[in-house]
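Structure below is query30.txt: compact mmCIF, C-alpha atoms.
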```txt
# COMPACT_ATOMS: atom_id res chain seq x y z
CA MET A 1 0.00 0.00 0.00
CA VAL A 2 1.29 3.44 -0.85
CA PHE A 3 2.39 5.48 2.15
CA GLY A 4 0.82 8.68 0.86
CA GLU A 5 0.45 12.21 2.13
CA THR A 6 -3.14 11.67 3.17
CA GLN A 7 -2.01 8.81 5.42
CA VAL A 8 0.67 10.55 7.43
CA PRO A 9 -0.85 12.77 10.11
CA LEU A 10 1.98 11.48 12.30
CA GLY A 11 4.22 13.88 10.39
CA GLN A 12 2.43 16.79 12.00
CA PRO A 13 4.32 18.04 15.03
CA LEU A 14 3.24 16.95 18.46
CA SER A 15 1.76 19.81 20.44
CA SER A 16 4.50 21.50 22.45
CA ALA A 17 4.79 24.85 24.10
CA SER A 18 8.47 24.88 23.15
CA GLY A 19 7.91 23.99 19.48
CA VAL A 20 10.19 20.99 19.91
CA SER A 21 9.27 18.92 16.82
CA HIS A 22 11.49 18.82 13.75
CA GLY A 23 10.27 17.23 10.52
CA SER A 24 13.69 17.25 8.85
CA GLY A 25 17.30 18.07 9.61
CA THR A 26 17.15 21.43 7.85
CA ASN A 27 16.95 23.58 10.97
CA LEU A 28 19.34 21.56 13.10
CA ASN A 29 23.04 21.92 13.82
CA LEU A 30 25.33 19.10 14.94
CA SER A 31 28.33 19.71 17.16
CA SER A 32 31.00 17.53 18.75
CA HIS A 33 31.79 17.69 22.45
CA GLY A 34 34.68 16.05 24.27
CA ASP A 35 37.65 14.27 22.76
CA GLU A 36 36.96 11.77 20.02
CA ASN A 37 37.89 8.17 20.87
CA THR A 38 36.99 8.69 24.53
CA THR A 39 33.93 7.63 26.51
CA GLU A 40 33.07 11.31 27.03
CA TYR A 41 32.74 12.12 23.32
CA ARG A 42 29.24 13.15 22.24
CA ILE A 43 27.61 14.43 19.06
CA LYS A 44 24.82 16.82 20.02
CA ALA A 45 21.96 18.28 17.99
CA ALA A 46 20.54 21.75 18.58
CA ASP A 47 18.33 24.22 16.77
CA LYS A 48 19.93 26.87 14.56
CA SER A 49 20.14 29.32 17.46
CA GLY A 50 22.11 26.79 19.45
CA LYS A 51 19.94 27.50 22.49
CA LYS A 52 17.59 24.51 22.29
CA THR A 53 19.01 21.00 22.60
CA ILE A 54 17.29 18.54 20.26
CA SER A 55 16.81 14.85 20.98
CA LEU A 56 17.35 12.88 17.78
CA TRP A 57 15.11 10.20 19.27
CA HIS A 58 12.19 12.22 20.66
CA ASP A 59 12.18 15.62 18.92
CA VAL A 60 12.45 14.53 15.26
CA THR A 61 9.21 13.36 13.66
CA LEU A 62 8.95 9.86 12.27
CA VAL A 63 7.46 11.08 9.01
CA HIS A 64 9.64 13.46 7.01
CA VAL A 65 8.20 16.94 6.55
CA ASP A 66 9.19 18.95 3.47
CA PRO A 67 10.91 22.09 4.82
CA ALA A 68 9.82 24.10 1.78
CA THR A 69 6.09 23.41 2.15
CA ASP A 70 5.88 22.27 5.79
CA ARG A 71 3.84 19.32 4.52
CA PRO A 72 4.36 15.62 5.33
CA THR A 73 5.98 13.57 2.58
CA PRO A 74 5.75 9.84 1.73
CA TYR A 75 9.14 9.30 3.43
CA LEU A 76 10.33 8.44 6.92
CA ASN A 77 13.17 10.22 8.68
CA PHE A 78 16.34 8.19 9.14
CA VAL A 79 18.85 9.22 11.81
CA CYS A 80 22.27 7.92 10.82
CA GLU A 81 24.43 6.63 13.65
CA ILE A 82 27.13 4.65 11.79
CA PRO A 83 28.11 5.82 8.27
CA LYS A 84 28.76 3.18 5.65
CA PHE A 85 32.40 2.12 5.29
CA SER A 86 33.10 2.79 8.98
CA ARG A 87 33.18 0.60 12.09
CA LYS A 88 32.91 2.74 15.25
CA LYS A 89 29.72 1.69 17.01
CA TYR A 90 27.99 5.04 17.48
CA GLU A 91 24.46 5.04 18.87
CA ILE A 92 21.84 7.35 20.35
CA ALA A 93 22.25 7.36 24.13
CA THR A 94 18.67 6.49 25.03
CA ASP A 95 19.40 6.61 28.76
CA GLU A 96 21.02 10.07 28.81
CA VAL A 97 19.35 13.46 28.99
CA GLY A 98 19.24 14.91 25.47
CA ASN A 99 19.83 11.52 23.83
CA PHE A 100 23.12 12.59 22.27
CA ILE A 101 25.09 10.21 20.06
CA LYS A 102 27.99 8.42 21.72
CA GLN A 103 30.32 5.58 20.90
CA ASP A 104 29.08 2.47 22.65
CA GLU A 105 31.38 1.03 25.29
CA LYS A 106 31.62 -2.10 27.38
CA LYS A 107 33.44 -1.95 30.71
CA GLY A 108 35.06 1.32 29.67
CA VAL A 109 36.31 0.02 26.32
CA LEU A 110 34.96 1.74 23.20
CA ARG A 111 33.28 -0.66 20.81
CA GLU A 112 33.95 -1.13 17.11
CA PHE A 113 32.80 -3.81 14.71
CA LYS A 114 35.66 -6.32 14.86
CA LYS A 115 34.26 -7.84 11.69
CA GLY A 116 35.30 -4.67 9.85
CA ASP A 117 33.58 -1.74 8.20
CA ILE A 118 29.83 -1.88 7.71
CA PHE A 119 28.80 -1.53 4.06
CA PHE A 120 25.52 0.37 4.49
CA ASN A 121 24.46 3.42 6.49
CA TYR A 122 23.12 2.25 9.82
CA GLY A 123 20.91 4.09 12.26
CA CYS A 124 17.33 4.29 13.47
CA LEU A 125 13.84 5.68 13.07
CA PRO A 126 13.01 8.50 15.50
CA ARG A 127 9.91 8.21 17.68
CA THR A 128 9.97 4.41 17.64
CA TRP A 129 10.71 1.98 20.45
CA GLU A 130 10.98 -1.80 20.54
CA ASP A 131 9.07 -2.47 23.74
CA PRO A 132 10.88 -5.01 25.99
CA THR A 133 7.52 -6.03 27.49
CA PHE A 134 6.04 -6.97 24.11
CA VAL A 135 6.55 -10.26 22.26
CA HIS A 136 5.67 -10.03 18.58
CA PRO A 137 4.02 -13.24 17.27
CA ASP A 138 6.65 -13.55 14.52
CA ALA A 139 9.64 -12.93 16.80
CA GLU A 140 10.24 -16.50 17.97
CA GLY A 141 8.93 -15.71 21.45
CA CYS A 142 11.45 -12.89 21.95
CA ARG A 143 10.67 -9.49 23.43
CA GLY A 144 11.72 -6.12 21.99
CA ASP A 145 15.31 -4.94 22.46
CA ASN A 146 14.47 -1.63 24.23
CA ASP A 147 15.85 0.58 21.44
CA PRO A 148 14.53 2.64 18.53
CA VAL A 149 13.94 0.58 15.37
CA ASP A 150 17.16 -0.05 13.45
CA VAL A 151 17.59 0.99 9.82
CA CYS A 152 19.89 -0.21 7.05
CA GLU A 153 19.99 2.50 4.37
CA ILE A 154 21.35 1.04 1.12
CA GLY A 155 21.91 4.17 -0.99
CA SER A 156 25.21 5.16 -2.55
CA ARG A 157 25.87 8.25 -0.41
CA ILE A 158 27.85 8.13 2.84
CA ILE A 159 25.59 9.72 5.45
CA GLY A 160 27.33 11.33 8.41
CA THR A 161 26.75 10.46 12.04
CA GLY A 162 23.74 12.42 13.32
CA GLU A 163 22.47 13.38 9.87
CA ILE A 164 18.74 13.09 9.21
CA ARG A 165 17.64 11.94 5.76
CA PRO A 166 14.24 11.23 4.15
CA THR A 167 14.08 7.56 3.17
CA LYS A 168 11.78 5.13 1.39
CA VAL A 169 10.87 2.03 3.39
CA LEU A 170 11.45 -1.13 1.34
CA GLY A 171 11.23 -4.07 3.76
CA ILE A 172 12.33 -5.55 7.07
CA LEU A 173 14.32 -8.42 8.58
CA CYS A 174 13.62 -9.96 12.00
CA MET A 175 16.93 -10.63 13.73
CA ILE A 176 17.06 -12.44 17.06
CA ASP A 177 19.96 -11.00 19.03
CA GLU A 178 20.80 -12.77 22.29
CA GLY A 179 17.16 -13.58 22.91
CA GLU A 180 15.73 -10.21 21.87
CA ALA A 181 13.82 -9.21 18.75
CA ASP A 182 15.89 -6.67 16.80
CA TRP A 183 14.06 -5.57 13.65
CA LYS A 184 16.16 -4.22 10.75
CA VAL A 185 14.27 -1.93 8.35
CA VAL A 186 15.72 -1.67 4.85
CA THR A 187 15.42 1.80 3.31
CA ILE A 188 16.94 3.95 0.59
CA ASP A 189 17.57 7.68 0.63
CA ALA A 190 14.71 9.42 -1.19
CA GLU A 191 17.23 11.35 -3.30
CA ASP A 192 19.38 8.36 -4.26
CA LYS A 193 19.62 7.57 -7.96
CA TRP A 194 18.11 4.13 -7.32
CA ALA A 195 15.18 5.45 -5.28
CA PRO A 196 12.74 5.88 -8.20
CA PHE A 197 13.22 2.21 -9.10
CA LEU A 198 13.02 0.67 -5.63
CA ASN A 199 9.52 0.59 -4.15
CA ASP A 200 9.39 -2.73 -2.31
CA ILE A 201 11.73 -5.47 -1.15
CA ASP A 202 11.40 -7.53 -4.35
CA ASP A 203 12.76 -4.59 -6.33
CA VAL A 204 15.95 -4.71 -4.29
CA GLU A 205 16.47 -8.39 -5.04
CA LYS A 206 15.72 -7.85 -8.71
CA LEU A 207 17.74 -4.70 -9.38
CA LEU A 208 20.48 -4.99 -6.75
CA PRO A 209 20.96 -8.76 -6.48
CA GLY A 210 22.98 -9.94 -3.51
CA THR A 211 22.34 -6.84 -1.40
CA LEU A 212 19.81 -8.43 0.94
CA SER A 213 21.73 -11.66 1.47
CA ALA A 214 24.86 -9.61 2.22
CA ILE A 215 22.95 -7.60 4.86
CA ARG A 216 21.64 -10.78 6.46
CA GLU A 217 25.08 -12.40 6.52
CA TRP A 218 26.60 -9.26 8.01
CA PHE A 219 24.20 -9.44 10.94
CA ARG A 220 24.54 -13.20 11.22
CA THR A 221 28.32 -13.11 11.63
CA TYR A 222 29.36 -9.71 13.01
CA LYS A 223 29.56 -10.89 16.63
CA ILE A 224 31.61 -14.00 15.89
CA PRO A 225 34.94 -12.10 16.22
CA ASP A 226 33.81 -11.21 19.76
CA GLY A 227 33.58 -14.91 20.57
CA LYS A 228 29.79 -15.04 20.35
CA PRO A 229 27.68 -17.45 18.28
CA PRO A 230 26.06 -16.40 15.00
CA ASN A 231 22.81 -14.46 15.25
CA VAL A 232 19.61 -16.11 14.06
CA PHE A 233 16.50 -14.77 12.35
CA GLY A 234 12.76 -15.14 12.51
CA LEU A 235 10.32 -15.61 9.64
CA ASP A 236 12.51 -18.27 7.98
CA GLU A 237 15.21 -15.61 7.52
CA LYS A 238 13.08 -13.81 4.93
CA PHE A 239 13.07 -10.08 4.31
CA MET A 240 9.44 -9.09 4.59
CA ASP A 241 7.85 -6.54 2.27
CA LYS A 242 7.13 -2.84 2.70
CA HIS A 243 3.60 -3.36 4.00
CA TYR A 244 4.79 -5.70 6.74
CA ALA A 245 7.62 -3.29 7.61
CA LEU A 246 5.23 -0.38 7.98
CA GLU A 247 3.05 -2.41 10.35
CA ILE A 248 6.06 -3.09 12.58
CA ILE A 249 7.02 0.60 12.46
CA LYS A 250 3.47 1.59 13.37
CA GLU A 251 3.53 -0.74 16.40
CA CYS A 252 6.85 0.66 17.53
CA ASN A 253 5.64 4.25 17.13
CA HIS A 254 2.64 3.43 19.34
CA ALA A 255 5.03 1.88 21.87
CA TRP A 256 7.13 5.07 21.85
CA LYS A 257 4.01 7.12 22.61
CA ASP A 258 3.21 4.86 25.55
CA LEU A 259 6.77 5.32 26.78
CA ILE A 260 6.92 9.11 26.67
CA THR A 261 3.43 9.66 28.07
CA GLY A 262 4.17 7.42 31.05
CA GLU A 263 1.51 4.91 30.07
CA LYS A 264 4.10 2.13 29.81
CA GLU A 265 5.51 2.74 33.28
CA ARG A 266 2.01 2.74 34.73
CA SER A 267 1.42 -0.71 33.25
CA LEU A 268 4.59 -2.41 34.52
CA GLU A 269 3.10 -4.05 37.61
CA ASN A 270 3.13 -7.54 36.08
CA CYS A 271 6.64 -7.25 34.59
CA ASP A 272 9.81 -8.61 36.20
CA ALA A 273 12.31 -6.30 37.87
CA GLU A 274 14.76 -6.48 34.95
CA VAL A 275 12.21 -5.19 32.45
CA LYS A 276 11.02 -2.50 34.84
CA GLY A 277 14.60 -1.32 35.17
CA LEU A 278 15.10 -1.22 31.40
CA VAL A 279 12.07 0.99 30.86
CA ARG A 280 12.70 3.32 33.78
CA LYS A 281 16.30 4.11 32.85
CA LEU A 282 15.31 5.55 29.46
CA SER A 283 15.58 9.32 29.23
CA LYS A 284 12.29 11.08 28.54
CA SER A 285 13.42 14.46 29.89
CA ASN A 286 13.03 16.30 26.60
CA LEU A 287 9.35 15.44 26.60
CA VAL A 288 8.37 16.82 30.00
CA ASP A 289 6.59 19.82 28.50
CA LEU A 290 5.09 17.93 25.56
CA ALA A 291 1.37 17.22 25.53
CA ILE A 292 0.15 14.61 23.07
CA ASN A 293 -2.72 15.78 20.92
CA ASP A 294 -4.40 12.58 19.79
CA ASP A 295 -6.16 14.30 16.92
CA GLU A 296 -2.92 15.64 15.48
CA ASP A 297 -0.64 12.68 16.12
CA GLU A 298 -2.58 9.56 15.26
CA ALA A 299 -0.39 6.87 13.75
CA PRO A 300 -0.86 6.54 9.99
CA ASN A 301 -3.23 3.95 8.59
CA PHE A 302 -0.93 1.85 6.45
```
Would you mind writing the file's structure down as structure tokens?
Amino acid sequence: MVFGETQVPLGQPLSSASGVSHGSGTNLNLSSHGDENTTEYRIKAADKSGKKTISLWHDVTLVHVDPATDRPTPYLNFVCEIPKFSRKKYEIATDEVGNFIKQDEKKGVLREFKKGDIFFNYGCLPRTWEDPTFVHPDAEGCRGDNDPVDVCEIGSRIIGTGEIRPTKVLGILCMIDEGEADWKVVTIDAEDKWAPFLNDIDDVEKLLPGTLSAIREWFRTYKIPDGKPPNVFGLDEKFMDKHYALEIIKECNHAWKDLITGEKERSLENCDAEVKGLVRKLSKSNLVDLAINDDEDEAPNF
């Protein structure tokens, strides 16, 4: 089904006294803070004035808004964390105020892909959340991984860390990562030369043969150099089509709304202590003055 302008009221900004929503990266500035290659290094987003800190998770709309017309487009915003042909494991700090981008670390050691450089732009969809209390029926009994939905952008351009780009959704892969469901959405930059020809996952296989299997094998094997077993996949390892992908995205956008409004925390009574801790450590501070207007921010009907 076409993800058309009439179906994307989610692209309209959430009601906010501070005017916090951003439909594209046009009015944002990125800046680096701290020394690179240290655990203190952060990439921060702010408005053009530099006075308002912007969360790349909470303050950027899921649906891309054309800055020239201020109208929603058929595309979804992609926040790039790891540029193609690089290996430093940058990610949005979901548990820090402001949700800046940092290099992931384990026991004080900065993480890189030991497998080598990644060959696609990797990041996430803003205003989505894979709920760790929810088990999708196709996810082999595994709960969500507590992060925004991951994106593999397959265009030819190298997208910088923290950049926001409009992308076309093409399909999705269900990876099972250490017992958690970790969906991987396949997209292409709306301005890429291949974009007019790629409208669904079958187009990728037909016009760019080998791309999907290479993505799957990357995720299957990238943890092996760390001494871990290969990752596995749900749905018979198939990449599902655009319609299926949009349904998953819709679910994860609804989950994000429950998170930031406090509805999720209010419903945690029957969850174990580990899950409660996961949810409660997430930073929602940028949303304290944001009031959801259900009429303006209904999820799209895919």
At a cut-off of 12 Å, can you tabulate as a tab-separated table every residue of segment 146-194 of chain A near segment 247-265 of chain A together with its closest atom pair and the distance in Å to one decimal, using all atoms listed in the file and ordering rows by chain then number?
```
residue	atom	partner	partner_atom	distance
A:Asn146	CA	A:Trp256	CA	10.2
A:Asp147	CA	A:Cys252	CA	9.8
A:Pro148	CA	A:Cys252	CA	8.0
A:Val149	CA	A:Cys252	CA	7.4
A:Asp150	CA	A:Ile249	CA	10.2
A:Val151	CA	A:Ile249	CA	10.9
A:Val169	CA	A:Ile249	CA	10.0
A:Gly171	CA	A:Ile248	CA	10.3
A:Ile172	CA	A:Ile248	CA	8.7
A:Leu173	CA	A:Ile248	CA	10.6
A:Cys174	CA	A:Ile248	CA	10.2
A:Ala181	CA	A:Ile248	CA	11.7
A:Asp182	CA	A:Ile248	CA	11.3
A:Trp183	CA	A:Ile248	CA	8.4
A:Lys184	CA	A:Ile248	CA	10.3
A:Val185	CA	A:Ile249	CA	8.7
A:Val186	CA	A:Ile249	CA	11.8
```
Counting all atoms listed in the file, which residue out of A:Gly162, A:Pro196, A:Pro83, A:Gly179 sits closest to Asn29 of chain A?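 Of A:Gly162, A:Pro196, A:Pro83, A:Gly179, the one nearest Asn29 of chain A, counting all atoms listed in the file, is A:Gly162.
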Coordinates-based distance that separates atom CA of Glu140 of chain A from atom CA of Glu112 of chain A (Å, one decimal): 28.3 Å
Please compute the atom CA of Asp131 of chain A-atom CA of Arg143 of chain A distance, one decimal, in Å.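 Rounded to one decimal, the two atoms are 7.2 Å apart.
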A:Glu237, A:Asp70, A:Glu81, A:Glu153 ranked by distance to Asp192 of chain A, top pick (using all atoms listed in the file): A:Glu153
Excluding Glu180 of chain A and any residue of its chain fewer than 4 positions from it, enumerate the residues within 10 Å of it, using all atoms listed in the file, and give them as a count of residues only. 13
One decimal place gives the atom CA of Gln103 of chain A-atom CA of Val60 of chain A separation as 20.8 Å
Excluding Leu170 of chain A and any residue of its chain fewer than 2 positions from it, enumerate the residues within 10 Å of it, using all atoms listed in the file, and give them as a PyMOL selection string. chain A and resi 153+167-168+172+185-188+198-204+239-246
Using only C-alpha atoms for the distances, tell me which of A:Leu278, A:Cys124, A:Ala68, A:Ala195 is nearest to Leu56 of chain A. A:Cys124
Nearest candidate to Leu282 of chain A (options A:Ala190, A:Val79, A:Ala93, A:Leu208; using only C-alpha atoms):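 Counting only C-alpha atoms, the residue closest to Leu282 of chain A is A:Ala93.
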List as JSON lines every residue of segment 160-267 of chain A that is in contact with segment 32-47 of chain A, defined as an atom at most 12 Å from one of its atoms (using all atoms listed in the file), together with the nearest atom pair and the distance in Å rounded to one decimal, sorted by chain and then rising number.
```
{"residue": "A:Gly160", "atom": "CA", "partner": "A:Ile43", "partner_atom": "CA", "distance": 11.1}
{"residue": "A:Thr161", "atom": "CA", "partner": "A:Ile43", "partner_atom": "CA", "distance": 8.1}
{"residue": "A:Gly162", "atom": "CA", "partner": "A:Ile43", "partner_atom": "CA", "distance": 7.2}
{"residue": "A:Glu163", "atom": "CA", "partner": "A:Ala45", "partner_atom": "CA", "distance": 9.5}
{"residue": "A:Ile164", "atom": "CA", "partner": "A:Ala45", "partner_atom": "CA", "distance": 10.7}
```
Quick one: residues within 9 Å of Pro229 of chain A, all atoms listed in the file counted, chain neighbours fewer than 6 positions away excluded, as a short mmCIF file (atom, residue, chain, number, x, y, z; two decimals) with C-alpha atoms, keeping the file's coordinate frame?
```cif
data_model
loop_
_atom_site.label_atom_id
_atom_site.label_comp_id
_atom_site.auth_asym_id
_atom_site.auth_seq_id
_atom_site.Cartn_x
_atom_site.Cartn_y
_atom_site.Cartn_z
CA ARG A 220 24.54 -13.20 11.22
CA THR A 221 28.32 -13.11 11.63
CA LYS A 223 29.56 -10.89 16.63
#
```
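Nearest to Ile215 of chain A of all the residues A:Ile82, A:Cys152, A:Val109, A:Leu62 is A:Cys152, counting only C-alpha atoms.
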Excluding Ser55 of chain A and residues on its chain fewer than 6 positions from it, collect all residues at most 7 Å away from it, counting only C-alpha atoms, and give them as a list in words. Ala45, Gly98, Asn99, Phe100 and Asn286 of chain A
Fewer than 6 positions away in the same chain doesn't count, so skip those; otherwise give me all residues within 7 Å of Asp117 of chain A, counting all atoms listed in the file, as a VMD selection string. chain A and resid 85 to 87
